[in-house]
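Q: Starting off with a structure, shown below.
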Amino acid sequence: MKISFIDIQNFRRLKACRIEISEKETLFVGANNSGKTTAMNALIYFLKEDKQFTTREFTLSNWAAINKIGNDWVEAANDPDNKKADLTIGIWEDYLPQIDVWIDVKEDEVYHVTKLLPSLGWTGGLLGVRLRFEPRDLVTLYQEFTEYFLKASNTKNSSADHKDLKLWPHSLMDFFESKLNTHFSISAYKLDPAKNISFQKLSTNSVPLDNKPFKGLIKVNSIDAQRGFSDVNTENQNHGRLSSQLSDYYAKHLDPKENPSPSDLEVIKSIESSKNEFDSRLKNSFGPSFKELEGLNYPGLGSPRISISTKVNPINNIEHESAITYQLNDEESNHDVKLFLPEKYNGLGYQNYISMAFKLIRFRDEWMKVGKSATRNNLPEGEEEFELIHLVLIEEPEAHLHPQAQQVFIAKAYEILRNNSFILKADSPFSTQLIVSTHSSHIVHKVDFNCLRYFKREFAKDTVSIPTSKVVNLSEVFGKKTVTAEEETRKFAIRYLKTTHCDIFFADAVIMVEGPAERMLLPHFIQNNFKDLAISHITILEIGGSHAHTLKPLIERLGVFTLIITDLDSIEQKAHPTTGNITWPKVPPSRGKGFKTGNDTLKTWIPKKDLLDEVLDATASEKCSSDLSIRVAYQFPLKIQFNGNKVEAIPYTFEDALVFENLTLFNTTSGTGLIKKLREAILNTTSSIEVASKEMFDAIDKGDKAKFALDVMYSIDPVELKVPGYIDEGLKWLQEKLQIVNKSSVK
């Protein structure tokens with residue numbers, strides 16, 4: 001049995017989204033403010049039921065509709081003809097925070113979920129339960145809200161000087177700021193798997209379940225991002241420390257005084273013996289002082305007798321700051337004195353790693369009723385209640401962890417949760433499902449991409465709407481195994497991202513560049529000329545034009561703004577003089593000669609043209625995807641001053657485009673290698689632009705492009721460089737897109 005997927009509606013920025021849960025590990029990834037934490041909180045609020053809702057849990061775009069319900073109620077309460085208010089749940093259904101949990105139940109597990117069965121004939125498969133935060137009693141809510149509202153309204157209207165004041169409650173949502181949890185609670189409803197399981201409507205005669213639907217079925221544990229670590233000099237910050245956790249573990253699983261067994265009696269006897277001996281020693285030591293105090297005859301107490309009695313509590317001996325120490329030298333070392341440091345003097349990263357790992361051990365042992373927790377419910381041995389599903393939620397485990405520790409933790413976390421001989425048996429009915437939200441590309445790098453769930457920001461379409469989020473199941477991109485070409489593309493995308501980095505899953509925008517020269521100089525162009533881009537999270541991927549299109553399925557699924565900076569790659573048809581075989585060698589670009597582009601991205605993705613003349617004449621809209629989220633930028637004809645004449649030059653690649661845009665700089669720049677050859681080509685006053693372009697083309701074809709970029713940065717201050725026109729055009733497009741998004745975003 002396992003949770004198959006959840007549908008979240010009307011919870012903060014998650015207006016309506018489905019999240020498929022992997023059998024073992026699920027990672028929530030996405031840019032900042034994309035909804036990852038919201039999804040984690042939705043699971044905690046509804047499944048743990050230990051947090052109180054506030055009005056902030058209601059999706060902001062629903063507030064106006066909820067306030068309209070309140071306005072209609074006030075109108076009905078004020079109506080002289082006793083107009084009846086609509087007190088049905090139907091008018092609320094589209095605005096209430098709710099979560100649908102769909103569990104995959106095998107036929108032999110049906111007896112575990114009898115109270116949730118949609119019908120007597122149901123024999124297994126998907127089983128759904130809706131948890132909805134809704135009014136307990138609409139009549140009571142109506143009466144109390146209208147009473148308070150009308151009283152405030154009458155008070156305000158009693159004085160002409162105060163009619164503009166907003167007295168509580170000035171709206172229904174304002175009323176809920178103070179009274180929400182008085183009138184609302186979570187109710188559970190059965191869902192019908194036979195119907196459309198995607199956000200299905202409840203029938204008008206749906207009746208809430210009497211008991212907590214998942215009690216005894218799902219155990220939920222969570223580790224939030226704020227784990228209570230602090231500087232060594234800060235007091236009272238022990239929440240996350242191992243000593244505190246060990247004391248909790250002792251109390252729940254090891255305390256010999258709780259339901260003592262025969263094996264505990266010796267421990268209790270030793271504790272009592274130590275207590276009595278210590279009491280006797282203290283009595284003798286403090287005797288003279290106590291006798292002196294007894295002679296003071298404090299008024300009203302006569303001659304008080306002072307006694308001392310200690311309480312030996314093993315838990316107290318674990319909780320103090322030096323209880324847990326770390327030995328610095330080996331047991332086998334020759335030092336006479338063993339070197340120890342208290343727990344708090346270890347780095348935050350080490351504390352965090354150990355703390356989270358031990359929490360997972362605690363979660364597992366609580367679930368499996370290890371030690372004293374097995375007898376806490378007073379059930380006979382062998383009849384303990386074990387939930388079939390253990391759902392563990394971890395928010396941002398990377399906090400305070402260096403990259404290597406992040407990868408080790410995510411690799412070990414699920415293994416720790418399953419390290420129990422009972423649940424590891426081949427026929428074990430128990431499932432563990434771990435959900436992690438993260439901003440760490442190092443953690444993503446370590447896991448199977450099939451378990452990634454990408455939170456895609458949906459930006460406000462108008463001034464009334466607010467930004468929301470949808471969730472993309474990336475197993476549909478990385479998990480497909482269909483025809484050979486698609487399978488090879490999938491393999492390449494995984495290998496490429498694993499080889500480089502996984503920042504793409506957290507970026508505000510992506511820029512794909514052709515080669516190392518662009519990769520090195522592009523950050524300077526952005527920093528010096530595009531201030532808004534400079535403060536955004538931009539991922540730059542170096543991937544040649546012949547391979548950029550292989551990331552198309554991923555880019556389109558993510559929906560992240562993407563600029564593809566690539567080259568024309570002009571080619572010419574040639575026939576071998578003897579064999580007649582057709583080849584397409586690279587040539588300097590030129591119009592009207594029937595040249596084509598050899599760039600697969602331009603041919604098969606955007607703008608889907610292969611004739612060079614058509615590629616050069618493509619409009620701005622043709623360089624964008626249909627949803628305007630992806631744009632391609634490549635070289636286009638330039639008007640330059642060459643040998644005293646204004647001529648048209650068509651760059652072939654980034655290097656000659658940079659030179660054409662910065663002729664004066666390169667004319668006066670000393671340098672070696674490719675810089676020298678390009679400078680010589682443009683300084684040749686006897687040549688035409690065609691000859692110069694051909695010389696530059698040949699030099700670039702044989703030159704070291706990475707060394708060229710390094711030489712440029714060494715010889716020229718990047719601030720002085722003019723951005724090549726095609727790149728400038730693309731970066732302006734990207735900056736405008738992000739500016740629009742930032743204006744509409746709700747932080």
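Starting from 1 in every chain, residues are counted up; chains themselves are A, B, ... following the order of the structure tokens, and ligands are numbered from 1 as listed.
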Show me a table, sorted first by chain and then by increasing residue number, of the residues of region 420-511 of chain A having an atom at most 10 Å from region 618-634 of chain A, each with its shortest atom pair and the distance in Å to one decimal, counting only C-alpha atoms and written as CSV.

A:
```
residue,atom,partner,partner_atom,distance
A:Ala509,CA,A:Ser629,CA,9.6
A:Val510,CA,A:Ile630,CA,9.4
A:Ile511,CA,A:Arg631,CA,9.7
```

Q: According to DSSP computed on the backbone, where in region 470-626 of chain A is there alpha helix (DSSP H)? Give the residues as a ChimeraX atom specification.

A: /A:475-478,484-499,516-529,531-534,545-548,552-558,600-604,612-616

Q: Would you please give, as a PDB file with N, CA and C atoms, in the first residue's frame, all residues of region 431-569 of chain A that DSSP assigns to strand (DSSP E or B) based on the backbone?

A:
```pdb
ATOM      1  N   SER A 431       5.068   0.389   3.874  1.00  0.00           N
ATOM      2  CA  SER A 431       5.708   1.262   2.893  1.00  0.00           C
ATOM      3  C   SER A 431       6.260   2.506   3.576  1.00  0.00           C
ATOM      4  N   THR A 432       7.419   2.934   3.125  1.00  0.00           N
ATOM      5  CA  THR A 432       8.003   4.195   3.570  1.00  0.00           C
ATOM      6  C   THR A 432       8.112   5.105   2.363  1.00  0.00           C
ATOM      7  N   GLN A 433       7.551   6.304   2.467  1.00  0.00           N
ATOM      8  CA  GLN A 433       7.627   7.275   1.381  1.00  0.00           C
ATOM      9  C   GLN A 433       8.225   8.572   1.915  1.00  0.00           C
ATOM     10  N   LEU A 434       9.354   8.935   1.350  1.00  0.00           N
ATOM     11  CA  LEU A 434      10.110  10.108   1.790  1.00  0.00           C
ATOM     12  C   LEU A 434       9.907  11.240   0.785  1.00  0.00           C
ATOM     13  N   ILE A 435       9.491  12.407   1.288  1.00  0.00           N
ATOM     14  CA  ILE A 435       9.321  13.587   0.443  1.00  0.00           C
ATOM     15  C   ILE A 435      10.265  14.674   0.941  1.00  0.00           C
ATOM     16  N   VAL A 436      11.075  15.206   0.033  1.00  0.00           N
ATOM     17  CA  VAL A 436      12.080  16.210   0.385  1.00  0.00           C
ATOM     18  C   VAL A 436      11.880  17.431  -0.503  1.00  0.00           C
ATOM     19  N   SER A 437      11.814  18.618   0.101  1.00  0.00           N
ATOM     20  CA  SER A 437      11.851  19.854  -0.688  1.00  0.00           C
ATOM     21  C   SER A 437      13.257  20.416  -0.589  1.00  0.00           C
ATOM     22  N   LEU A 452      11.803  13.496  -9.412  1.00  0.00           N
ATOM     23  CA  LEU A 452      11.705  14.949  -9.297  1.00  0.00           C
ATOM     24  C   LEU A 452      10.299  15.429  -9.638  1.00  0.00           C
ATOM     25  N   ARG A 453       9.797  16.342  -8.799  1.00  0.00           N
ATOM     26  CA  ARG A 453       8.531  17.017  -9.076  1.00  0.00           C
ATOM     27  C   ARG A 453       8.841  18.519  -9.122  1.00  0.00           C
ATOM     28  N   TYR A 454       8.720  19.077 -10.308  1.00  0.00           N
ATOM     29  CA  TYR A 454       9.123  20.462 -10.545  1.00  0.00           C
ATOM     30  C   TYR A 454       7.941  21.398 -10.359  1.00  0.00           C
ATOM     31  N   PHE A 455       8.098  22.387  -9.475  1.00  0.00           N
ATOM     32  CA  PHE A 455       7.052  23.369  -9.212  1.00  0.00           C
ATOM     33  C   PHE A 455       7.232  24.536 -10.183  1.00  0.00           C
ATOM     34  N   LYS A 456       6.285  24.630 -11.080  1.00  0.00           N
ATOM     35  CA  LYS A 456       6.332  25.606 -12.168  1.00  0.00           C
ATOM     36  C   LYS A 456       5.475  26.810 -11.815  1.00  0.00           C
ATOM     37  N   ARG A 457       6.086  27.983 -11.807  1.00  0.00           N
ATOM     38  CA  ARG A 457       5.355  29.197 -11.462  1.00  0.00           C
ATOM     39  C   ARG A 457       4.433  29.610 -12.609  1.00  0.00           C
ATOM     40  N   GLU A 458       3.174  29.799 -12.268  1.00  0.00           N
ATOM     41  CA  GLU A 458       2.190  30.306 -13.232  1.00  0.00           C
ATOM     42  C   GLU A 458       1.946  31.765 -12.887  1.00  0.00           C
ATOM     43  N   THR A 468       0.216  31.610  -9.297  1.00  0.00           N
ATOM     44  CA  THR A 468      -0.038  30.299  -8.704  1.00  0.00           C
ATOM     45  C   THR A 468       1.054  29.342  -9.195  1.00  0.00           C
ATOM     46  N   SER A 469       0.904  28.069  -8.895  1.00  0.00           N
ATOM     47  CA  SER A 469       1.905  27.087  -9.302  1.00  0.00           C
ATOM     48  C   SER A 469       1.240  25.812  -9.791  1.00  0.00           C
ATOM     49  N   LYS A 470       1.946  25.135 -10.676  1.00  0.00           N
ATOM     50  CA  LYS A 470       1.565  23.799 -11.100  1.00  0.00           C
ATOM     51  C   LYS A 470       2.768  22.888 -10.921  1.00  0.00           C
ATOM     52  N   VAL A 471       2.510  21.603 -10.861  1.00  0.00           N
ATOM     53  CA  VAL A 471       3.587  20.655 -10.603  1.00  0.00           C
ATOM     54  C   VAL A 471       3.784  19.764 -11.820  1.00  0.00           C
ATOM     55  N   VAL A 472       5.037  19.665 -12.250  1.00  0.00           N
ATOM     56  CA  VAL A 472       5.392  18.846 -13.409  1.00  0.00           C
ATOM     57  C   VAL A 472       6.089  17.588 -12.921  1.00  0.00           C
ATOM     58  N   ASN A 473       5.562  16.443 -13.324  1.00  0.00           N
ATOM     59  CA  ASN A 473       6.174  15.159 -12.983  1.00  0.00           C
ATOM     60  C   ASN A 473       7.274  14.880 -13.991  1.00  0.00           C
ATOM     61  N   ALA A 509      15.625  31.708 -14.972  1.00  0.00           N
ATOM     62  CA  ALA A 509      15.727  31.639 -16.427  1.00  0.00           C
ATOM     63  C   ALA A 509      16.960  30.831 -16.791  1.00  0.00           C
ATOM     64  N   VAL A 510      16.974  30.338 -18.031  1.00  0.00           N
ATOM     65  CA  VAL A 510      18.081  29.517 -18.524  1.00  0.00           C
ATOM     66  C   VAL A 510      18.631  30.163 -19.786  1.00  0.00           C
ATOM     67  N   ILE A 511      19.956  30.224 -19.891  1.00  0.00           N
ATOM     68  CA  ILE A 511      20.604  30.660 -21.126  1.00  0.00           C
ATOM     69  C   ILE A 511      21.489  29.518 -21.604  1.00  0.00           C
ATOM     70  N   MET A 512      21.228  29.051 -22.812  1.00  0.00           N
ATOM     71  CA  MET A 512      22.073  28.022 -23.410  1.00  0.00           C
ATOM     72  C   MET A 512      23.004  28.693 -24.412  1.00  0.00           C
ATOM     73  N   VAL A 513      24.299  28.441 -24.273  1.00  0.00           N
ATOM     74  CA  VAL A 513      25.285  29.072 -25.145  1.00  0.00           C
ATOM     75  C   VAL A 513      26.007  28.022 -25.974  1.00  0.00           C
ATOM     76  N   ILE A 538      20.117  33.019 -12.887  1.00  0.00           N
ATOM     77  CA  ILE A 538      20.220  32.594 -14.280  1.00  0.00           C
ATOM     78  C   ILE A 538      21.177  31.410 -14.364  1.00  0.00           C
ATOM     79  N   THR A 539      20.735  30.344 -14.968  1.00  0.00           N
ATOM     80  CA  THR A 539      21.604  29.199 -15.210  1.00  0.00           C
ATOM     81  C   THR A 539      22.116  29.261 -16.640  1.00  0.00           C
ATOM     82  N   ILE A 540      23.437  29.206 -16.802  1.00  0.00           N
ATOM     83  CA  ILE A 540      24.044  29.229 -18.131  1.00  0.00           C
ATOM     84  C   ILE A 540      24.559  27.826 -18.445  1.00  0.00           C
ATOM     85  N   LEU A 541      24.022  27.243 -19.500  1.00  0.00           N
ATOM     86  CA  LEU A 541      24.416  25.902 -19.918  1.00  0.00           C
ATOM     87  C   LEU A 541      25.215  25.996 -21.203  1.00  0.00           C
ATOM     88  N   GLU A 542      26.406  25.450 -21.200  1.00  0.00           N
ATOM     89  CA  GLU A 542      27.216  25.431 -22.415  1.00  0.00           C
ATOM     90  C   GLU A 542      26.897  24.158 -23.189  1.00  0.00           C
ATOM     91  N   PHE A 561      11.734  30.441 -18.582  1.00  0.00           N
ATOM     92  CA  PHE A 561      12.183  31.307 -19.664  1.00  0.00           C
ATOM     93  C   PHE A 561      13.582  30.884 -20.106  1.00  0.00           C
ATOM     94  N   THR A 562      13.745  30.688 -21.415  1.00  0.00           N
ATOM     95  CA  THR A 562      14.999  30.154 -21.936  1.00  0.00           C
ATOM     96  C   THR A 562      15.450  30.947 -23.150  1.00  0.00           C
ATOM     97  N   LEU A 563      16.702  31.372 -23.124  1.00  0.00           N
ATOM     98  CA  LEU A 563      17.331  32.029 -24.263  1.00  0.00           C
ATOM     99  C   LEU A 563      18.407  31.094 -24.798  1.00  0.00           C
ATOM    100  N   ILE A 564      18.301  30.782 -26.087  1.00  0.00           N
ATOM    101  CA  ILE A 564      19.285  29.908 -26.732  1.00  0.00           C
ATOM    102  C   ILE A 564      20.177  30.781 -27.608  1.00  0.00           C
ATOM    103  N   ILE A 565      21.426  30.952 -27.203  1.00  0.00           N
ATOM    104  CA  ILE A 565      22.393  31.743 -27.971  1.00  0.00           C
ATOM    105  C   ILE A 565      23.217  30.762 -28.796  1.00  0.00           C
TER     106      ILE A 565
END
```

Q: Mind pulling up the distance from CA of Val444 (chain A) to CA of Val408 (chain A)?

A: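 Going from CA of Val408 (chain A) over to CA of Val444 (chain A), I get 11.9 Å.
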
Q: In Å to one decimal, how far is CA of Pro724 (chain A) from CA of Asp704 (chain A)?

A: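 We find that CA of Asp704 (chain A) and CA of Pro724 (chain A) lie 19.5 Å from each other.
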
Q: Calculate how many Å separate CA of Val659 (chain A) from CA of Leu678 (chain A), rounding to one decimal.

A: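 Interatomic distance here is 7.6 Å.
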
Q: Determine, counting only C-alpha atoms, which protein, DNA and RNA residues have an atom within 8 Å of an atom of Phe530 (chain A); residues of the same chain fewer than 5 positions away are not included. Present the result as a list in words.

A: Phe525, Leu731, Lys732 and Gln735 of chain A

Q: Extract, using only C-alpha atoms, all DNA, RNA and protein residues at most 7 Å from Asp503 (chain A), discarding same-chain residues fewer than 3 positions from it, and format them as a list in words.

A: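 Answer for this query is Ser441, Phe506, Ala507 and Thr539 of chain A.
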
Q: From the options A:Ser222, A:Thr550, A:Ser178, A:Gln9, which residue's atoms come nearest to Glu488 (chain A), counting only C-alpha atoms?

A: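 Closest to Glu488 (chain A) of all the choices is A:Thr550.
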